[in-house]
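As provided, my_file-v8.txt (compact mmCIF, N, CA and C atoms) reads as follows.
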```
# COMPACT_ATOMS: atom_id res chain seq x y z
N MET A 1 -15.50 -24.80 60.05
CA MET A 1 -16.00 -25.35 58.81
C MET A 1 -15.45 -24.57 57.61
N LYS A 2 -15.39 -23.25 57.75
CA LYS A 2 -14.89 -22.44 56.63
C LYS A 2 -13.46 -22.81 56.27
N ARG A 3 -12.65 -23.04 57.29
CA ARG A 3 -11.24 -23.39 57.03
C ARG A 3 -11.12 -24.72 56.30
N SER A 4 -11.89 -25.73 56.70
CA SER A 4 -11.83 -27.03 56.02
C SER A 4 -12.33 -26.92 54.58
N LEU A 5 -13.37 -26.13 54.36
CA LEU A 5 -13.88 -25.95 53.01
C LEU A 5 -12.84 -25.26 52.13
N ARG A 6 -12.16 -24.25 52.68
CA ARG A 6 -11.12 -23.54 51.95
C ARG A 6 -9.98 -24.50 51.58
N LEU A 7 -9.55 -25.33 52.53
CA LEU A 7 -8.48 -26.30 52.25
C LEU A 7 -8.91 -27.30 51.19
N LEU A 8 -10.16 -27.73 51.27
CA LEU A 8 -10.68 -28.68 50.29
C LEU A 8 -10.69 -28.08 48.89
N LEU A 9 -11.01 -26.80 48.80
CA LEU A 9 -11.04 -26.13 47.49
C LEU A 9 -9.64 -25.82 46.97
N LEU A 10 -8.69 -25.55 47.85
CA LEU A 10 -7.34 -25.21 47.44
C LEU A 10 -6.47 -26.42 47.13
N ALA A 11 -6.81 -27.58 47.65
CA ALA A 11 -6.00 -28.78 47.43
C ALA A 11 -5.82 -29.12 45.95
N PRO A 12 -6.90 -29.12 45.13
CA PRO A 12 -6.68 -29.41 43.70
C PRO A 12 -5.79 -28.37 43.02
N LEU A 13 -5.89 -27.12 43.43
CA LEU A 13 -5.04 -26.08 42.86
C LEU A 13 -3.58 -26.35 43.19
N ALA A 14 -3.30 -26.75 44.42
CA ALA A 14 -1.93 -27.08 44.81
C ALA A 14 -1.39 -28.24 43.99
N LEU A 15 -2.22 -29.21 43.70
CA LEU A 15 -1.79 -30.35 42.87
C LEU A 15 -1.47 -29.90 41.45
N LEU A 16 -2.29 -28.99 40.92
CA LEU A 16 -2.02 -28.49 39.57
C LEU A 16 -0.70 -27.76 39.51
N VAL A 17 -0.42 -26.93 40.49
CA VAL A 17 0.84 -26.20 40.52
C VAL A 17 2.01 -27.17 40.65
N ALA A 18 1.88 -28.17 41.50
CA ALA A 18 2.96 -29.15 41.70
C ALA A 18 3.22 -29.96 40.45
N CYS A 19 2.22 -30.19 39.62
CA CYS A 19 2.39 -30.99 38.41
C CYS A 19 3.15 -30.24 37.33
N ASN A 20 3.29 -28.92 37.46
CA ASN A 20 3.93 -28.13 36.43
C ASN A 20 5.39 -27.83 36.74
N THR A 21 6.01 -28.61 37.57
CA THR A 21 7.42 -28.42 37.87
C THR A 21 8.21 -29.63 37.41
N THR A 22 9.51 -29.47 37.29
CA THR A 22 10.37 -30.55 36.81
C THR A 22 11.32 -30.96 37.92
N ASN A 23 11.34 -32.25 38.21
CA ASN A 23 12.32 -32.78 39.16
C ASN A 23 13.58 -33.13 38.39
N THR A 24 14.73 -32.87 38.99
CA THR A 24 16.01 -33.10 38.32
C THR A 24 16.93 -33.89 39.24
N VAL A 25 17.67 -34.83 38.66
CA VAL A 25 18.67 -35.59 39.40
C VAL A 25 19.97 -35.50 38.62
N GLU A 26 21.07 -35.25 39.32
CA GLU A 26 22.38 -35.15 38.68
C GLU A 26 23.44 -35.71 39.61
N PRO A 27 24.63 -36.02 39.09
CA PRO A 27 25.68 -36.55 39.95
C PRO A 27 26.08 -35.54 41.02
N ALA A 28 26.33 -36.03 42.23
CA ALA A 28 26.75 -35.15 43.32
C ALA A 28 28.14 -34.60 43.06
N ASP A 29 28.99 -35.39 42.41
CA ASP A 29 30.35 -34.98 42.11
C ASP A 29 30.46 -34.71 40.60
N ALA A 30 29.88 -33.60 40.17
CA ALA A 30 29.86 -33.26 38.74
C ALA A 30 31.27 -32.98 38.23
N LYS A 31 31.57 -33.49 37.04
CA LYS A 31 32.88 -33.28 36.44
C LYS A 31 32.86 -32.17 35.38
N ALA A 32 31.67 -31.79 34.97
CA ALA A 32 31.52 -30.72 33.98
C ALA A 32 31.70 -29.37 34.65
N VAL A 33 32.60 -28.56 34.12
CA VAL A 33 32.84 -27.22 34.65
C VAL A 33 32.61 -26.23 33.49
N PRO A 34 31.41 -25.65 33.41
CA PRO A 34 31.11 -24.76 32.29
C PRO A 34 31.83 -23.42 32.42
N THR A 35 32.11 -22.83 31.27
CA THR A 35 32.62 -21.47 31.22
C THR A 35 31.41 -20.56 31.07
N VAL A 36 31.00 -19.93 32.17
CA VAL A 36 29.82 -19.08 32.17
C VAL A 36 30.26 -17.65 31.86
N LEU A 37 29.55 -17.02 30.93
CA LEU A 37 29.88 -15.66 30.49
C LEU A 37 29.05 -14.63 31.24
N GLU A 38 29.65 -13.49 31.52
CA GLU A 38 28.87 -12.35 31.99
C GLU A 38 28.08 -11.84 30.79
N ASP A 39 26.91 -11.28 31.06
CA ASP A 39 26.10 -10.81 29.93
C ASP A 39 25.58 -9.41 30.17
N ARG A 40 25.12 -8.82 29.08
CA ARG A 40 24.47 -7.51 29.09
C ARG A 40 23.11 -7.71 28.44
N ARG A 41 22.07 -7.24 29.06
CA ARG A 41 20.72 -7.48 28.56
C ARG A 41 20.05 -6.20 28.09
N VAL A 42 19.33 -6.32 26.99
CA VAL A 42 18.51 -5.24 26.48
C VAL A 42 17.10 -5.78 26.41
N ILE A 43 16.24 -5.30 27.31
CA ILE A 43 14.86 -5.78 27.39
C ILE A 43 13.97 -4.75 26.71
N THR A 44 13.34 -5.15 25.59
CA THR A 44 12.43 -4.25 24.88
C THR A 44 11.00 -4.76 24.92
N ASN A 45 10.81 -6.00 25.37
CA ASN A 45 9.48 -6.60 25.45
C ASN A 45 9.28 -7.13 26.87
N ASN A 46 8.68 -6.32 27.73
CA ASN A 46 8.49 -6.73 29.13
C ASN A 46 7.54 -7.91 29.27
N ALA A 47 6.56 -8.03 28.36
CA ALA A 47 5.64 -9.16 28.40
C ALA A 47 6.40 -10.47 28.16
N LEU A 48 7.31 -10.47 27.20
CA LEU A 48 8.13 -11.66 26.94
C LEU A 48 9.05 -11.94 28.13
N ASN A 49 9.66 -10.91 28.68
CA ASN A 49 10.56 -11.09 29.82
C ASN A 49 9.82 -11.63 31.04
N ALA A 50 8.52 -11.36 31.15
CA ALA A 50 7.73 -11.89 32.26
C ALA A 50 7.44 -13.38 32.06
N LYS A 51 7.56 -13.86 30.81
CA LYS A 51 7.29 -15.27 30.52
C LYS A 51 8.56 -16.11 30.54
N ALA A 52 9.59 -15.65 29.86
CA ALA A 52 10.82 -16.45 29.73
C ALA A 52 12.03 -15.53 29.68
N TYR A 53 13.14 -16.02 30.20
CA TYR A 53 14.36 -15.22 30.15
C TYR A 53 15.58 -16.13 30.10
N VAL A 54 16.70 -15.55 29.71
CA VAL A 54 17.98 -16.26 29.64
C VAL A 54 18.56 -16.34 31.04
N THR A 55 18.84 -17.55 31.51
CA THR A 55 19.40 -17.73 32.86
C THR A 55 20.91 -17.56 32.85
N ASP A 56 21.57 -18.07 31.81
CA ASP A 56 23.03 -17.98 31.75
C ASP A 56 23.50 -18.26 30.33
N LEU A 57 24.72 -17.83 30.06
CA LEU A 57 25.39 -18.07 28.78
C LEU A 57 26.67 -18.84 29.06
N ARG A 58 26.93 -19.85 28.22
CA ARG A 58 28.15 -20.65 28.36
C ARG A 58 28.83 -20.73 27.01
N GLU A 59 30.15 -20.96 27.03
CA GLU A 59 30.88 -21.07 25.77
C GLU A 59 31.97 -22.12 25.88
N ALA A 60 32.37 -22.61 24.71
CA ALA A 60 33.48 -23.55 24.61
C ALA A 60 34.14 -23.37 23.26
N ASP A 61 35.46 -23.51 23.22
CA ASP A 61 36.19 -23.46 21.95
C ASP A 61 36.28 -24.88 21.41
N LEU A 62 35.94 -25.03 20.13
CA LEU A 62 36.00 -26.34 19.49
C LEU A 62 37.36 -26.54 18.83
N PRO A 63 37.79 -27.78 18.61
CA PRO A 63 39.11 -28.05 18.02
C PRO A 63 39.31 -27.44 16.63
N ASN A 64 38.21 -27.23 15.87
CA ASN A 64 38.32 -26.70 14.52
C ASN A 64 38.36 -25.17 14.48
N GLY A 65 38.48 -24.51 15.64
CA GLY A 65 38.57 -23.05 15.69
C GLY A 65 37.23 -22.35 15.81
N LEU A 66 36.14 -23.10 15.79
CA LEU A 66 34.81 -22.51 15.95
C LEU A 66 34.47 -22.41 17.43
N ARG A 67 33.45 -21.61 17.74
CA ARG A 67 32.99 -21.46 19.12
C ARG A 67 31.60 -22.05 19.26
N LYS A 68 31.39 -22.72 20.35
CA LYS A 68 30.07 -23.26 20.67
C LYS A 68 29.55 -22.47 21.86
N VAL A 69 28.30 -22.02 21.77
CA VAL A 69 27.69 -21.28 22.87
C VAL A 69 26.35 -21.91 23.22
N GLN A 70 25.97 -21.69 24.46
CA GLN A 70 24.72 -22.26 24.94
C GLN A 70 24.06 -21.25 25.87
N ALA A 71 22.74 -21.13 25.73
CA ALA A 71 21.97 -20.23 26.59
C ALA A 71 20.89 -21.05 27.29
N GLY A 72 20.75 -20.84 28.60
CA GLY A 72 19.66 -21.45 29.34
C GLY A 72 18.44 -20.55 29.26
N LEU A 73 17.29 -21.12 28.91
CA LEU A 73 16.04 -20.36 28.85
C LEU A 73 15.09 -20.91 29.91
N TYR A 74 14.60 -20.04 30.76
CA TYR A 74 13.69 -20.45 31.83
C TYR A 74 12.30 -19.90 31.58
N ASN A 75 11.30 -20.76 31.67
CA ASN A 75 9.91 -20.37 31.54
C ASN A 75 9.40 -20.01 32.93
N LYS A 76 9.12 -18.74 33.17
CA LYS A 76 8.66 -18.26 34.48
C LYS A 76 7.22 -18.65 34.78
N THR A 77 6.46 -18.98 33.75
CA THR A 77 5.03 -19.25 33.95
C THR A 77 4.81 -20.73 34.28
N SER A 78 3.57 -21.06 34.62
CA SER A 78 3.24 -22.46 34.90
C SER A 78 2.69 -23.16 33.65
N SER A 79 2.54 -22.44 32.55
CA SER A 79 2.04 -23.05 31.31
C SER A 79 3.14 -23.10 30.25
N ARG A 80 2.95 -23.97 29.28
CA ARG A 80 3.92 -24.12 28.20
C ARG A 80 4.00 -22.84 27.38
N GLN A 81 5.21 -22.45 27.03
CA GLN A 81 5.45 -21.25 26.22
C GLN A 81 6.24 -21.62 24.98
N ARG A 82 5.89 -21.00 23.87
CA ARG A 82 6.66 -21.16 22.63
C ARG A 82 7.44 -19.87 22.42
N ILE A 83 8.75 -20.00 22.27
CA ILE A 83 9.64 -18.85 22.13
C ILE A 83 10.43 -19.00 20.84
N ASN A 84 10.51 -17.93 20.06
CA ASN A 84 11.38 -17.89 18.89
C ASN A 84 12.74 -17.36 19.33
N TYR A 85 13.80 -17.91 18.77
CA TYR A 85 15.13 -17.44 19.13
C TYR A 85 16.07 -17.57 17.94
N LYS A 86 17.15 -16.82 18.01
CA LYS A 86 18.24 -16.99 17.07
C LYS A 86 19.52 -16.42 17.66
N PHE A 87 20.63 -16.97 17.20
CA PHE A 87 21.95 -16.48 17.58
C PHE A 87 22.47 -15.67 16.41
N GLU A 88 23.02 -14.50 16.67
CA GLU A 88 23.69 -13.71 15.65
C GLU A 88 25.16 -13.63 16.02
N TRP A 89 26.02 -13.83 15.03
CA TRP A 89 27.46 -13.85 15.24
C TRP A 89 28.10 -12.62 14.62
N PHE A 90 29.18 -12.13 15.26
CA PHE A 90 29.86 -10.91 14.81
C PHE A 90 31.36 -11.16 14.70
N ASP A 91 31.99 -10.51 13.71
CA ASP A 91 33.45 -10.62 13.57
C ASP A 91 34.12 -9.54 14.43
N THR A 92 35.44 -9.44 14.36
CA THR A 92 36.18 -8.49 15.21
C THR A 92 35.85 -7.03 14.92
N ASP A 93 35.28 -6.76 13.73
CA ASP A 93 34.87 -5.39 13.38
C ASP A 93 33.42 -5.11 13.79
N GLY A 94 32.76 -6.08 14.41
CA GLY A 94 31.37 -5.89 14.81
C GLY A 94 30.37 -6.11 13.69
N ILE A 95 30.82 -6.71 12.58
CA ILE A 95 29.95 -6.97 11.43
C ILE A 95 29.29 -8.34 11.60
N VAL A 96 27.98 -8.41 11.33
CA VAL A 96 27.25 -9.67 11.42
C VAL A 96 27.80 -10.66 10.40
N VAL A 97 28.03 -11.89 10.85
CA VAL A 97 28.58 -12.95 10.00
C VAL A 97 27.44 -13.89 9.59
N ASN A 98 27.29 -14.15 8.31
CA ASN A 98 26.32 -15.11 7.76
C ASN A 98 24.89 -14.86 8.23
N ALA A 99 24.45 -13.61 8.24
CA ALA A 99 23.10 -13.28 8.71
C ALA A 99 22.01 -13.90 7.85
N ALA A 100 22.24 -14.01 6.55
CA ALA A 100 21.22 -14.51 5.64
C ALA A 100 20.91 -15.99 5.86
N THR A 101 21.82 -16.74 6.42
CA THR A 101 21.61 -18.18 6.62
C THR A 101 21.26 -18.52 8.07
N ASN A 102 20.77 -17.52 8.79
CA ASN A 102 20.48 -17.71 10.21
C ASN A 102 19.01 -17.42 10.51
N PRO A 103 18.11 -18.39 10.29
CA PRO A 103 16.68 -18.14 10.51
C PRO A 103 16.29 -18.22 11.99
N TRP A 104 15.11 -17.68 12.29
CA TRP A 104 14.54 -17.83 13.62
C TRP A 104 14.15 -19.29 13.83
N GLN A 105 14.31 -19.77 15.05
CA GLN A 105 13.90 -21.12 15.41
C GLN A 105 12.90 -21.02 16.55
N THR A 106 12.08 -22.05 16.72
CA THR A 106 11.07 -22.04 17.77
C THR A 106 11.32 -23.19 18.74
N ILE A 107 11.15 -22.90 20.02
CA ILE A 107 11.28 -23.93 21.04
C ILE A 107 10.07 -23.84 21.96
N SER A 108 9.62 -24.99 22.43
CA SER A 108 8.52 -25.06 23.37
C SER A 108 9.10 -25.41 24.74
N ILE A 109 8.73 -24.61 25.75
CA ILE A 109 9.28 -24.80 27.09
C ILE A 109 8.12 -25.04 28.06
N ASN A 110 8.15 -26.14 28.76
CA ASN A 110 7.13 -26.44 29.76
C ASN A 110 7.20 -25.42 30.90
N GLY A 111 6.12 -25.31 31.65
CA GLY A 111 6.07 -24.39 32.78
C GLY A 111 7.15 -24.65 33.80
N ARG A 112 7.81 -23.58 34.23
CA ARG A 112 8.87 -23.63 35.24
C ARG A 112 10.05 -24.52 34.84
N GLU A 113 10.24 -24.69 33.56
CA GLU A 113 11.33 -25.54 33.06
C GLU A 113 12.45 -24.68 32.48
N THR A 114 13.68 -25.17 32.59
CA THR A 114 14.83 -24.56 31.93
C THR A 114 15.26 -25.48 30.80
N VAL A 115 15.43 -24.92 29.62
CA VAL A 115 15.96 -25.67 28.48
C VAL A 115 17.21 -24.94 27.99
N TYR A 116 18.03 -25.64 27.24
CA TYR A 116 19.27 -25.05 26.73
C TYR A 116 19.25 -25.04 25.22
N ILE A 117 19.55 -23.88 24.65
CA ILE A 117 19.67 -23.76 23.20
C ILE A 117 21.15 -23.56 22.89
N THR A 118 21.59 -24.16 21.80
CA THR A 118 23.02 -24.19 21.48
C THR A 118 23.24 -23.75 20.04
N ALA A 119 24.37 -23.10 19.80
CA ALA A 119 24.76 -22.71 18.45
C ALA A 119 26.27 -22.81 18.32
N VAL A 120 26.71 -23.03 17.08
CA VAL A 120 28.14 -23.06 16.76
C VAL A 120 28.40 -21.93 15.78
N SER A 121 29.48 -21.21 15.99
CA SER A 121 29.80 -20.08 15.10
C SER A 121 29.92 -20.57 13.66
N PRO A 122 29.46 -19.78 12.70
CA PRO A 122 29.52 -20.19 11.30
C PRO A 122 30.94 -20.20 10.74
N THR A 123 31.82 -19.37 11.30
CA THR A 123 33.21 -19.32 10.85
C THR A 123 34.11 -19.06 12.06
N ALA A 124 35.39 -19.30 11.89
CA ALA A 124 36.34 -19.01 12.97
C ALA A 124 36.51 -17.51 13.18
N ASN A 125 36.07 -16.70 12.22
CA ASN A 125 36.15 -15.24 12.34
C ASN A 125 35.10 -14.66 13.28
N ALA A 126 34.10 -15.45 13.64
CA ALA A 126 33.05 -14.98 14.53
C ALA A 126 33.56 -15.01 15.97
N VAL A 127 33.65 -13.83 16.58
CA VAL A 127 34.23 -13.74 17.91
C VAL A 127 33.22 -13.37 18.99
N ASP A 128 32.08 -12.82 18.60
CA ASP A 128 31.03 -12.44 19.54
C ASP A 128 29.69 -12.90 19.02
N PHE A 129 28.70 -12.89 19.91
CA PHE A 129 27.36 -13.32 19.52
C PHE A 129 26.31 -12.61 20.35
N GLN A 130 25.09 -12.68 19.87
CA GLN A 130 23.91 -12.24 20.61
C GLN A 130 22.87 -13.34 20.53
N VAL A 131 22.09 -13.48 21.57
CA VAL A 131 20.92 -14.36 21.55
C VAL A 131 19.72 -13.45 21.53
N LYS A 132 18.83 -13.65 20.56
CA LYS A 132 17.63 -12.83 20.45
C LYS A 132 16.42 -13.71 20.71
N LEU A 133 15.48 -13.18 21.49
CA LEU A 133 14.24 -13.88 21.81
C LEU A 133 13.06 -13.08 21.29
N LEU A 134 12.04 -13.80 20.83
CA LEU A 134 10.85 -13.18 20.28
C LEU A 134 9.65 -14.04 20.66
N GLU A 135 8.56 -13.42 21.07
CA GLU A 135 7.35 -14.20 21.38
C GLU A 135 6.85 -14.89 20.13
N SER A 136 6.50 -16.14 20.27
CA SER A 136 5.92 -16.89 19.16
C SER A 136 4.42 -16.59 19.11
N ARG A 137 3.91 -16.33 17.95
CA ARG A 137 2.48 -16.01 17.79
C ARG A 137 1.67 -17.25 17.49
N ASN A 138 2.30 -18.41 17.40
CA ASN A 138 1.58 -19.66 17.08
C ASN A 138 1.17 -20.40 18.33
```
Serialized structure, structure tokens:
Amino acid sequence: MKRSLRLLLLAPLALLVACNTTNTVEPADAKAVPTVLEDRRVITNNALNAKAYVTDLREADLPNGLRKVQAGLYNKTSSRQRINYKFEWFDTDGIVVNAATNPWQTISINGRETVYITAVSPTANAVDFQVKLLESRN
């Protein structure tokens, strides 16, 4: 009897967990071949890192000489998380490019979901970038 009661009580919990995942379908013969970058991470907020993290970085050169970059963000939790982020761009001397026109942005990520954030370099002189994440207080 105890085992059946335990199963009866755990069944709704299993349904709740299952409802917080995302099913994905994609072509079996994908033609997209991303350029994935190696990264270096500096973790200063372990609480944020326990909630969401960058899964991968991708880049592409645009015809106008600018660079397009994309970061995958994964929500490790089962609940929706709001994350602030921004991309900072650097020139060949390591100087931040157009910092004053680069505000923080907010994204909402469902539980166990991966979303992609994208940015385009402000000038052709921008050769490197950083993605910064910050917990949203809202």
Between A:Thr55, A:Asn45, A:Gln70, A:Asn23, single out the one closest to Tyr116 in chain A, counting only C-alpha atoms.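 Closest to Tyr116 in chain A of all the choices is A:Gln70.
Residues of protein, DNA or RNA having at least one counted atom within 8 Å of (2.4, -15.8, 26.7), given only C-alpha atoms, are Ala47, Leu48, Lys51, Gln81, Arg82 and Glu135 of chain A.
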Please give the complete set of residues from chain A that DSSP, run on the backbone, assigns to alpha helix (DSSP H), formatted as a count of residues only. 24
When you count only C-alpha atoms, which of these residues is closest to Leu57 in chain A: A:Thr118, A:Arg112, A:Gly94, A:Thr106?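 Looking only at the distances to Leu57 in chain A, the closest residue turns out to be A:Thr118.
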Which residue gives the smallest distance to Thr35 in chain A among A:Lys132, A:Lys68, A:Arg58, A:Arg80, with all atoms listed in the file counted?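 Among the listed residues, A:Arg58 lies closest to Thr35 in chain A.
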Scan for residues within 12 Å of the point (17.3, -8.0, 30.1) in the coordinates of the file, using only C-alpha atoms, and reply as a PyMOL selection string. chain A and resi 39-50+52-56+131-133
Shell of 8 Å around range 100-105 of chain A, all atoms listed in the file, local chain residues under 5 positions omitted, as a list in words: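 Result of the neighbour search: Ile83, Asn84, Tyr85, Lys86, Phe87 and Glu88 of chain A.
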Using atom N of Gly111 in chain A and CA of Leu73 in chain A as the two end points, give the distance in Å to one decimal.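 CA of Leu73 in chain A lies 11.4 Å from atom N of Gly111 in chain A.
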Å distance separating atom C of Glu26 in chain A from atom N of Ser121 in chain A, one decimal place: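 So the answer is 28.4 Å.
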Out of chain A, which residues get strand (DSSP E) from DSSP, as a PyMOL selection string? chain A and resi 35-37+52-61+67-75+81-90+96-97+105-109+114-120+128-135
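Atom N of Asn125 in chain A to atom N of Val69 in chain A spans 13.4 Å [interatomic distance, one decimal].
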If you count all atoms listed in the file, which residues fall within 8 Å of Ala124 in chain A, apart from same-chain ones fewer than 6 positions away, as a list in words? Asn64, Gly65, Leu66, Arg67 and Asp91 of chain A
Would you mind exporting N, CA and C atoms of the selected residues as a PDB file, in the frame of the given file?
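In the end it all went to again_0.pdb:
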```pdb
ATOM      1  N   ASN A  64      38.210 -27.230  15.870  1.00  0.00           N
ATOM      2  CA  ASN A  64      38.320 -26.700  14.520  1.00  0.00           C
ATOM      3  C   ASN A  64      38.360 -25.170  14.480  1.00  0.00           C
ATOM      4  N   GLY A  65      38.480 -24.510  15.640  1.00  0.00           N
ATOM      5  CA  GLY A  65      38.570 -23.050  15.690  1.00  0.00           C
ATOM      6  C   GLY A  65      37.230 -22.350  15.810  1.00  0.00           C
ATOM      7  N   LEU A  66      36.140 -23.100  15.790  1.00  0.00           N
ATOM      8  CA  LEU A  66      34.810 -22.510  15.950  1.00  0.00           C
ATOM      9  C   LEU A  66      34.470 -22.410  17.430  1.00  0.00           C
ATOM     10  N   ARG A  67      33.450 -21.610  17.740  1.00  0.00           N
ATOM     11  CA  ARG A  67      32.990 -21.460  19.120  1.00  0.00           C
ATOM     12  C   ARG A  67      31.600 -22.050  19.260  1.00  0.00           C
ATOM     13  N   ASP A  91      31.990 -10.510  13.710  1.00  0.00           N
ATOM     14  CA  ASP A  91      33.450 -10.620  13.570  1.00  0.00           C
ATOM     15  C   ASP A  91      34.120  -9.540  14.430  1.00  0.00           C
TER      16      ASP A  91
END
```
Dump all heavy atoms of range 63-71 of chain A from the given block, as a short mmCIF file (atom, residue, chain, number, x, y, z; two decimals), in the first residue's frame.
```cif
data_model
loop_
_atom_site.label_atom_id
_atom_site.label_comp_id
_atom_site.auth_asym_id
_atom_site.auth_seq_id
_atom_site.Cartn_x
_atom_site.Cartn_y
_atom_site.Cartn_z
N PRO A 63 28.95 40.39 -45.22
CA PRO A 63 29.53 40.98 -46.44
C PRO A 63 30.03 42.41 -46.27
O PRO A 63 30.94 42.83 -46.97
CB PRO A 63 28.37 40.94 -47.44
CG PRO A 63 27.41 39.95 -46.90
CD PRO A 63 27.59 39.92 -45.42
N ASN A 64 29.46 43.18 -45.32
CA ASN A 64 29.85 44.57 -45.13
C ASN A 64 31.06 44.73 -44.21
O ASN A 64 31.39 45.83 -43.79
CB ASN A 64 28.67 45.38 -44.61
CG ASN A 64 28.11 44.83 -43.30
OD1 ASN A 64 28.63 43.87 -42.74
ND2 ASN A 64 27.05 45.44 -42.83
N GLY A 65 31.73 43.62 -43.85
CA GLY A 65 32.92 43.69 -43.00
C GLY A 65 32.64 43.61 -41.51
O GLY A 65 33.56 43.59 -40.70
N LEU A 66 31.37 43.56 -41.13
CA LEU A 66 31.01 43.44 -39.72
C LEU A 66 30.98 41.97 -39.33
O LEU A 66 30.95 41.09 -40.19
CB LEU A 66 29.65 44.09 -39.47
CG LEU A 66 29.55 45.58 -39.81
CD1 LEU A 66 28.14 46.09 -39.54
CD2 LEU A 66 30.57 46.39 -39.04
N ARG A 67 30.99 41.72 -38.02
CA ARG A 67 30.91 40.35 -37.50
C ARG A 67 29.59 40.15 -36.78
O ARG A 67 29.13 41.02 -36.05
CB ARG A 67 32.04 40.08 -36.51
CG ARG A 67 33.39 39.98 -37.17
CD ARG A 67 34.48 39.67 -36.20
NE ARG A 67 34.27 38.39 -35.57
CZ ARG A 67 34.82 38.06 -34.40
NH1 ARG A 67 35.58 38.92 -33.75
NH2 ARG A 67 34.62 36.87 -33.88
N LYS A 68 29.01 39.01 -36.99
CA LYS A 68 27.79 38.63 -36.29
C LYS A 68 28.16 37.50 -35.33
O LYS A 68 28.84 36.55 -35.73
CB LYS A 68 26.74 38.16 -37.29
CG LYS A 68 25.41 37.79 -36.69
CD LYS A 68 24.46 37.41 -37.81
CE LYS A 68 23.07 37.17 -37.31
NZ LYS A 68 22.15 36.85 -38.42
N VAL A 69 27.72 37.62 -34.08
CA VAL A 69 28.00 36.58 -33.10
C VAL A 69 26.70 36.16 -32.43
O VAL A 69 25.73 36.93 -32.39
CB VAL A 69 29.03 37.03 -32.04
CG1 VAL A 69 30.38 37.28 -32.67
CG2 VAL A 69 28.56 38.25 -31.28
N GLN A 70 26.71 34.94 -31.95
CA GLN A 70 25.52 34.40 -31.31
C GLN A 70 25.96 33.55 -30.12
O GLN A 70 26.94 32.81 -30.20
CB GLN A 70 24.76 33.54 -32.31
CG GLN A 70 23.43 33.03 -31.82
CD GLN A 70 22.74 32.26 -32.92
OE1 GLN A 70 23.17 31.17 -33.28
NE2 GLN A 70 21.68 32.83 -33.46
N ALA A 71 25.21 33.68 -29.02
CA ALA A 71 25.49 32.88 -27.82
C ALA A 71 24.23 32.11 -27.45
O ALA A 71 23.13 32.67 -27.46
CB ALA A 71 25.90 33.79 -26.66
#
```
